[in-house]
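Okay, work09.json now, which holds JSON, C-alpha atoms:
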```json
[["chain", "number", "residue", "atom", "x", "y", "z"],
["A", 13, "MET", "CA", 121.89, 88.25, 102.75],
["A", 14, "ALA", "CA", 125.43, 89.17, 101.74],
["A", 15, "GLU", "CA", 128.02, 86.43, 101.67],
["A", 16, "ARG", "CA", 131.78, 86.45, 101.89],
["A", 17, "PRO", "CA", 134.32, 83.80, 100.90],
["A", 18, "LEU", "CA", 136.51, 82.25, 103.59],
["A", 19, "LYS", "CA", 139.36, 79.76, 103.46],
["A", 20, "GLY", "CA", 139.19, 77.01, 100.90],
["A", 21, "GLY", "CA", 136.67, 78.92, 98.78],
["A", 22, "ILE", "CA", 133.84, 78.07, 101.19],
["A", 23, "VAL", "CA", 131.24, 80.83, 101.31],
["A", 24, "PHE", "CA", 129.68, 81.80, 104.63],
["A", 25, "SER", "CA", 126.88, 84.20, 105.29],
["A", 26, "GLU", "CA", 127.70, 87.37, 107.15],
["A", 27, "LEU", "CA", 126.18, 85.67, 110.17],
["A", 28, "GLY", "CA", 129.67, 84.37, 110.90],
["A", 29, "TYR", "CA", 128.79, 80.67, 110.51],
["A", 30, "ALA", "CA", 127.37, 78.34, 107.86],
["A", 31, "GLY", "CA", 123.75, 79.32, 108.53],
["A", 32, "ASN", "CA", 120.49, 78.69, 110.34],
["A", 33, "VAL", "CA", 118.46, 75.52, 109.92],
["A", 34, "ASP", "CA", 115.14, 74.43, 111.38],
["A", 35, "VAL", "CA", 114.93, 71.38, 113.63],
["A", 36, "GLN", "CA", 113.67, 69.02, 110.92],
["A", 37, "THR", "CA", 116.51, 70.00, 108.56],
["A", 38, "ALA", "CA", 119.02, 69.38, 111.36],
["A", 39, "PHE", "CA", 117.51, 65.99, 112.20],
["A", 40, "THR", "CA", 117.51, 64.97, 108.53],
["A", 41, "ALA", "CA", 121.15, 66.02, 108.15],
["A", 42, "LEU", "CA", 122.08, 64.07, 111.29],
["A", 43, "SER", "CA", 120.21, 61.07, 109.87],
["A", 44, "GLU", "CA", 121.86, 61.19, 106.46],
["A", 45, "ASN", "CA", 125.45, 62.11, 107.34],
["A", 46, "THR", "CA", 127.28, 59.72, 109.64],
["A", 47, "GLN", "CA", 129.84, 62.40, 110.49],
["A", 48, "ALA", "CA", 127.33, 65.14, 111.41],
["A", 49, "VAL", "CA", 127.02, 65.89, 115.13],
["A", 50, "LEU", "CA", 124.54, 67.65, 117.38],
["A", 51, "VAL", "CA", 125.95, 69.85, 120.14],
["A", 52, "ASP", "CA", 123.50, 70.90, 122.84],
["A", 53, "VAL", "CA", 124.88, 74.07, 124.45],
["A", 54, "ARG", "CA", 122.22, 74.52, 127.13],
["A", 55, "THR", "CA", 123.00, 74.21, 130.83],
["A", 56, "GLN", "CA", 123.17, 71.09, 132.97],
["A", 57, "ALA", "CA", 119.96, 72.24, 134.68],
["A", 58, "GLU", "CA", 118.14, 72.45, 131.33],
["A", 59, "TRP", "CA", 119.35, 69.01, 130.28],
["A", 60, "THR", "CA", 118.17, 67.55, 133.59],
["A", 61, "PHE", "CA", 114.82, 69.30, 134.00],
["A", 62, "VAL", "CA", 113.66, 70.07, 130.44],
["A", 63, "GLY", "CA", 114.96, 67.05, 128.52],
["A", 64, "VAL", "CA", 117.52, 66.28, 125.82],
["A", 65, "PRO", "CA", 117.50, 65.20, 122.17],
["A", 66, "ASP", "CA", 117.58, 61.42, 121.82],
["A", 67, "LEU", "CA", 119.66, 60.31, 118.83],
["A", 68, "ARG", "CA", 119.77, 56.59, 119.65],
["A", 69, "THR", "CA", 117.63, 55.77, 116.60],
["A", 70, "LEU", "CA", 120.42, 57.31, 114.52],
["A", 71, "ASP", "CA", 123.09, 55.37, 116.44],
["A", 72, "LYS", "CA", 124.48, 58.70, 117.67],
["A", 73, "GLU", "CA", 124.88, 60.58, 120.91],
["A", 74, "THR", "CA", 124.32, 64.28, 121.47],
["A", 75, "ILE", "CA", 127.41, 66.16, 122.61],
["A", 76, "PHE", "CA", 126.64, 68.25, 125.69],
["A", 77, "ALA", "CA", 128.78, 71.37, 126.10],
["A", 78, "GLU", "CA", 127.57, 74.30, 128.20],
["A", 79, "TRP", "CA", 127.92, 77.64, 126.42],
["A", 80, "GLN", "CA", 127.35, 79.25, 129.81],
["A", 81, "SER", "CA", 126.62, 77.83, 133.23],
["A", 82, "PHE", "CA", 123.65, 78.45, 135.47],
["A", 83, "PRO", "CA", 123.27, 80.98, 136.90],
["A", 84, "PRO", "CA", 124.43, 82.85, 133.78],
["A", 85, "SER", "CA", 127.80, 84.47, 134.17],
["A", 86, "GLY", "CA", 128.72, 84.98, 130.54],
["A", 87, "PRO", "CA", 130.09, 82.52, 128.00],
["A", 88, "ASN", "CA", 132.26, 79.64, 129.18],
["A", 89, "PRO", "CA", 135.82, 80.81, 128.34],
["A", 90, "ALA", "CA", 136.92, 77.20, 127.78],
["A", 91, "PHE", "CA", 134.00, 76.31, 125.46],
["A", 92, "VAL", "CA", 135.91, 76.37, 122.15],
["A", 93, "GLN", "CA", 138.94, 74.48, 123.46],
["A", 94, "ASP", "CA", 136.85, 71.91, 125.33],
["A", 95, "LEU", "CA", 134.57, 71.22, 122.36],
["A", 96, "SER", "CA", 137.50, 71.14, 119.93],
["A", 97, "ASP", "CA", 139.22, 68.56, 122.14],
["A", 98, "ARG", "CA", 136.08, 66.43, 122.32],
["A", 99, "LEU", "CA", 135.56, 66.57, 118.54],
["A", 100, "SER", "CA", 139.21, 65.65, 117.99],
["A", 101, "LYS", "CA", 138.90, 62.65, 120.34],
["A", 102, "LYS", "CA", 135.98, 61.48, 118.18],
["A", 103, "GLU", "CA", 138.31, 61.86, 115.16],
["A", 104, "LEU", "CA", 136.12, 64.57, 113.67],
["A", 105, "ASP", "CA", 137.87, 67.25, 111.66],
["A", 106, "PRO", "CA", 137.13, 70.97, 111.20],
["A", 107, "GLU", "CA", 134.92, 70.21, 108.18],
["A", 108, "THR", "CA", 132.53, 68.08, 110.23],
["A", 109, "PRO", "CA", 128.93, 69.36, 110.03],
["A", 110, "ILE", "CA", 128.07, 70.58, 113.54],
["A", 111, "TYR", "CA", 124.51, 71.48, 114.49],
["A", 112, "PHE", "CA", 124.28, 73.68, 117.60],
["A", 113, "LEU", "CA", 121.12, 73.58, 119.72],
["A", 114, "CYS", "CA", 120.01, 75.61, 122.74],
["A", 115, "ARG", "CA", 116.62, 76.54, 124.16],
["A", 116, "SER", "CA", 115.52, 78.92, 121.42],
["A", 117, "GLY", "CA", 118.46, 79.62, 119.10],
["A", 118, "ALA", "CA", 120.46, 82.46, 120.73],
["A", 119, "ARG", "CA", 123.25, 80.66, 122.62],
["A", 120, "SER", "CA", 123.58, 78.13, 119.83],
["A", 121, "GLN", "CA", 124.11, 80.95, 117.35],
["A", 122, "ALA", "CA", 126.92, 82.36, 119.48],
["A", 123, "ALA", "CA", 128.46, 78.88, 119.77],
["A", 124, "ALA", "CA", 128.30, 78.38, 115.98],
["A", 125, "GLN", "CA", 130.03, 81.72, 115.49],
["A", 126, "ALA", "CA", 132.75, 80.90, 118.03],
["A", 127, "MET", "CA", 133.51, 77.50, 116.52],
["A", 128, "THR", "CA", 133.56, 78.98, 113.01],
["A", 129, "GLN", "CA", 136.10, 81.55, 114.19],
["A", 130, "ALA", "CA", 138.11, 78.63, 115.57],
["A", 131, "GLY", "CA", 138.29, 77.10, 112.08],
["A", 132, "TYR", "CA", 135.30, 74.76, 111.93],
["A", 133, "THR", "CA", 133.72, 75.33, 108.53],
["A", 134, "ASN", "CA", 130.28, 73.70, 108.80],
["A", 135, "CYS", "CA", 128.68, 75.14, 111.93],
["A", 136, "TYR", "CA", 124.90, 75.50, 111.86],
["A", 137, "ASN", "CA", 122.52, 77.10, 114.31],
["A", 138, "VAL", "CA", 119.33, 75.14, 114.95],
["A", 139, "SER", "CA", 117.34, 78.35, 115.05],
["A", 140, "GLU", "CA", 114.18, 77.04, 116.71],
["A", 141, "GLY", "CA", 116.12, 75.39, 119.53],
["A", 142, "PHE", "CA", 114.92, 72.60, 121.77],
["A", 143, "GLU", "CA", 111.88, 74.44, 123.14],
["A", 144, "GLY", "CA", 111.27, 77.16, 120.56],
["A", 145, "GLY", "CA", 109.76, 80.56, 121.17],
["A", 146, "LEU", "CA", 107.07, 81.59, 123.59],
["A", 147, "ASP", "CA", 103.42, 80.90, 122.75],
["A", 148, "ALA", "CA", 100.45, 83.16, 123.58],
["A", 149, "HIS", "CA", 100.56, 81.92, 127.18],
["A", 150, "ALA", "CA", 104.32, 82.57, 127.53],
["A", 151, "HIS", "CA", 105.10, 78.83, 127.43],
["A", 152, "ARG", "CA", 107.85, 77.19, 125.39],
["A", 153, "GLY", "CA", 107.84, 73.81, 123.68],
["A", 154, "THR", "CA", 104.37, 74.05, 122.19],
["A", 155, "GLN", "CA", 104.67, 75.77, 118.81],
["A", 156, "SER", "CA", 108.23, 75.39, 117.57],
["A", 157, "GLY", "CA", 111.49, 73.69, 118.43],
["A", 158, "TRP", "CA", 112.72, 70.11, 118.73],
["A", 159, "LYS", "CA", 110.05, 68.99, 121.21],
["A", 160, "ALA", "CA", 107.11, 70.60, 119.39],
["A", 161, "ALA", "CA", 108.24, 69.04, 116.09],
["A", 162, "GLY", "CA", 107.88, 65.61, 117.67],
["A", 163, "LEU", "CA", 111.54, 64.72, 117.26],
["A", 164, "PRO", "CA", 112.91, 62.12, 119.68],
["A", 165, "TRP", "CA", 113.84, 63.35, 123.15],
["A", 166, "VAL", "CA", 114.08, 62.02, 126.67],
["A", 167, "GLN", "CA", 113.79, 63.54, 130.10],
["A", 168, "GLY", "CA", 117.25, 64.11, 131.59]]
```

Can I see the file as structure tokens?
Amino acid sequence: MAERPLKGGIVFSELGYAGNVDVQTAFTALSENTQAVLVDVRTQAEWTFVGVPDLRTLDKETIFAEWQSFPPSGPNPAFVQDLSDRLSKKELDPETPIYFLCRSGARSQAAAQAMTQAGYTNCYNVSEGFEGGLDAHAHRGTQSGWKAAGLPWVQG
């Protein structure tokens, strides 16, 4: 994968953000770095009916910020500004490690790209997402993702 330098000598992949990580790597990073945050970009309906990551054992809270609403109508035009404001209120700067999570890694990738373009330098896509990909029976949450890895979560 080709890489290109950006501001401050930081090197980013051509993905347009810091990179992809699996759910266990994200959880470990959240555990070890007090400044690292998890941003769940799924919809309110998904949070309510599918469940949400539970970071209480890490003395943290997941940040919930819809990348798009349900029913889908394209990306939320206020996403970057709203999330930037929320991070600023938490006194987190643009170098804060941010781990973006969605259902299966697509919306979270777009969110990581958008926040990187806005000047945040450590945006990661949790590529397996909360539920992971489809299994042989077209079900999610059984073979990959946050839930399948046995990481802490609660029903919304």

Exercise. Could you check which of A:Val64, A:Val53, A:Ala48, A:Ala160 is closest to Ser120 (chain A), using only C-alpha atoms?
Key: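 Looking only at the distances to Ser120 (chain A), the closest residue turns out to be A:Val53.
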
Practice problem: List the neighbours of Val49 (chain A) out to 7 Å using only C-alpha atoms; skip same-chain residues closer than 5 positions along the sequence, and give me the result as a list in words. | Solution: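 My reading of the contact set: Leu42, Pro109, Ile110 and Tyr111 of chain A.
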
Quiz item: Closest to Arg98 (chain A) among A:Trp59, A:Phe76, A:Tyr29, A:Phe39, using only C-alpha atoms?
Solution: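 The answer is A:Phe76, which sits nearest to Arg98 (chain A).
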
Quiz prompt | Who sits within 8 Å of Thr108 (chain A), all atoms listed in the file, same chain under 4 positions skipped, as an MDAnalysis selection string | solution = chainID A and resid 47:49 104 132:134

Quiz prompt | All residues 9 Å or closer to Ala130 (chain A), all atoms listed in the file, same chain fewer than 6 positions away omitted, as a PyMOL selection string | solution = chain A and resi 92-93+96+106

Atoms kept (C-alpha atoms) for selection, written as a PDB file, in the coordinates of the input:
```
ATOM      1  CA  VAL A  92     135.910  76.370 122.150  1.00  0.00           C
ATOM      2  CA  GLN A  93     138.940  74.480 123.460  1.00  0.00           C
ATOM      3  CA  SER A  96     137.500  71.140 119.930  1.00  0.00           C
ATOM      4  CA  PRO A 106     137.130  70.970 111.200  1.00  0.00           C
TER       5      PRO A 106
END
```

Quiz prompt | Nearest candidate to Val51 (chain A) (options A:Gly131, A:Gly31, A:Pro83, A:Gly141; using all atoms listed in the file) | solution =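 Closest candidate: A:Gly141.
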
Practice problem: Pick out the closest residue to Trp165 (chain A) from this set: A:Asn45, A:Leu95, A:Val62, A:Arg119. Count all atoms listed in the file. | Solution: A:Val62

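Here CA of Gln155 (chain A) and CA of Leu113 (chain A) stand 16.6 Å from one another.
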
Practice problem: With a distance cut-off of 9 Å and all atoms listed in the file, select the neighbouring residues of region 35-38 of chain A, excluding the residue or stretch itself and same-chain residues fewer than 4 positions from it, and output the selection as a VMD selection string. | Solution: chain A and resid 42 to 43 50 111 113 136 to 142 156 to 158 161 163

Those residues with C-alpha atoms, as a short mmCIF file (atom, residue, chain, number, x, y, z; two decimals), in the frame of the given file please?
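Dumped to again05.cif:
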```cif
data_model
loop_
_atom_site.label_atom_id
_atom_site.label_comp_id
_atom_site.auth_asym_id
_atom_site.auth_seq_id
_atom_site.Cartn_x
_atom_site.Cartn_y
_atom_site.Cartn_z
CA LEU A 42 122.08 64.07 111.29
CA SER A 43 120.21 61.07 109.87
CA LEU A 50 124.54 67.65 117.38
CA TYR A 111 124.51 71.48 114.49
CA LEU A 113 121.12 73.58 119.72
CA TYR A 136 124.90 75.50 111.86
CA ASN A 137 122.52 77.10 114.31
CA VAL A 138 119.33 75.14 114.95
CA SER A 139 117.34 78.35 115.05
CA GLU A 140 114.18 77.04 116.71
CA GLY A 141 116.12 75.39 119.53
CA PHE A 142 114.92 72.60 121.77
CA SER A 156 108.23 75.39 117.57
CA GLY A 157 111.49 73.69 118.43
CA TRP A 158 112.72 70.11 118.73
CA ALA A 161 108.24 69.04 116.09
CA LEU A 163 111.54 64.72 117.26
#
```

Quiz item: For Glu44 (chain A), which residue among A:Gly144, A:Gly28, A:Lys72, A:Lys101 is the nearest when counting all atoms listed in the file?
Solution: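 Of A:Gly144, A:Gly28, A:Lys72, A:Lys101, the one nearest Glu44 (chain A), counting all atoms listed in the file, is A:Lys72.
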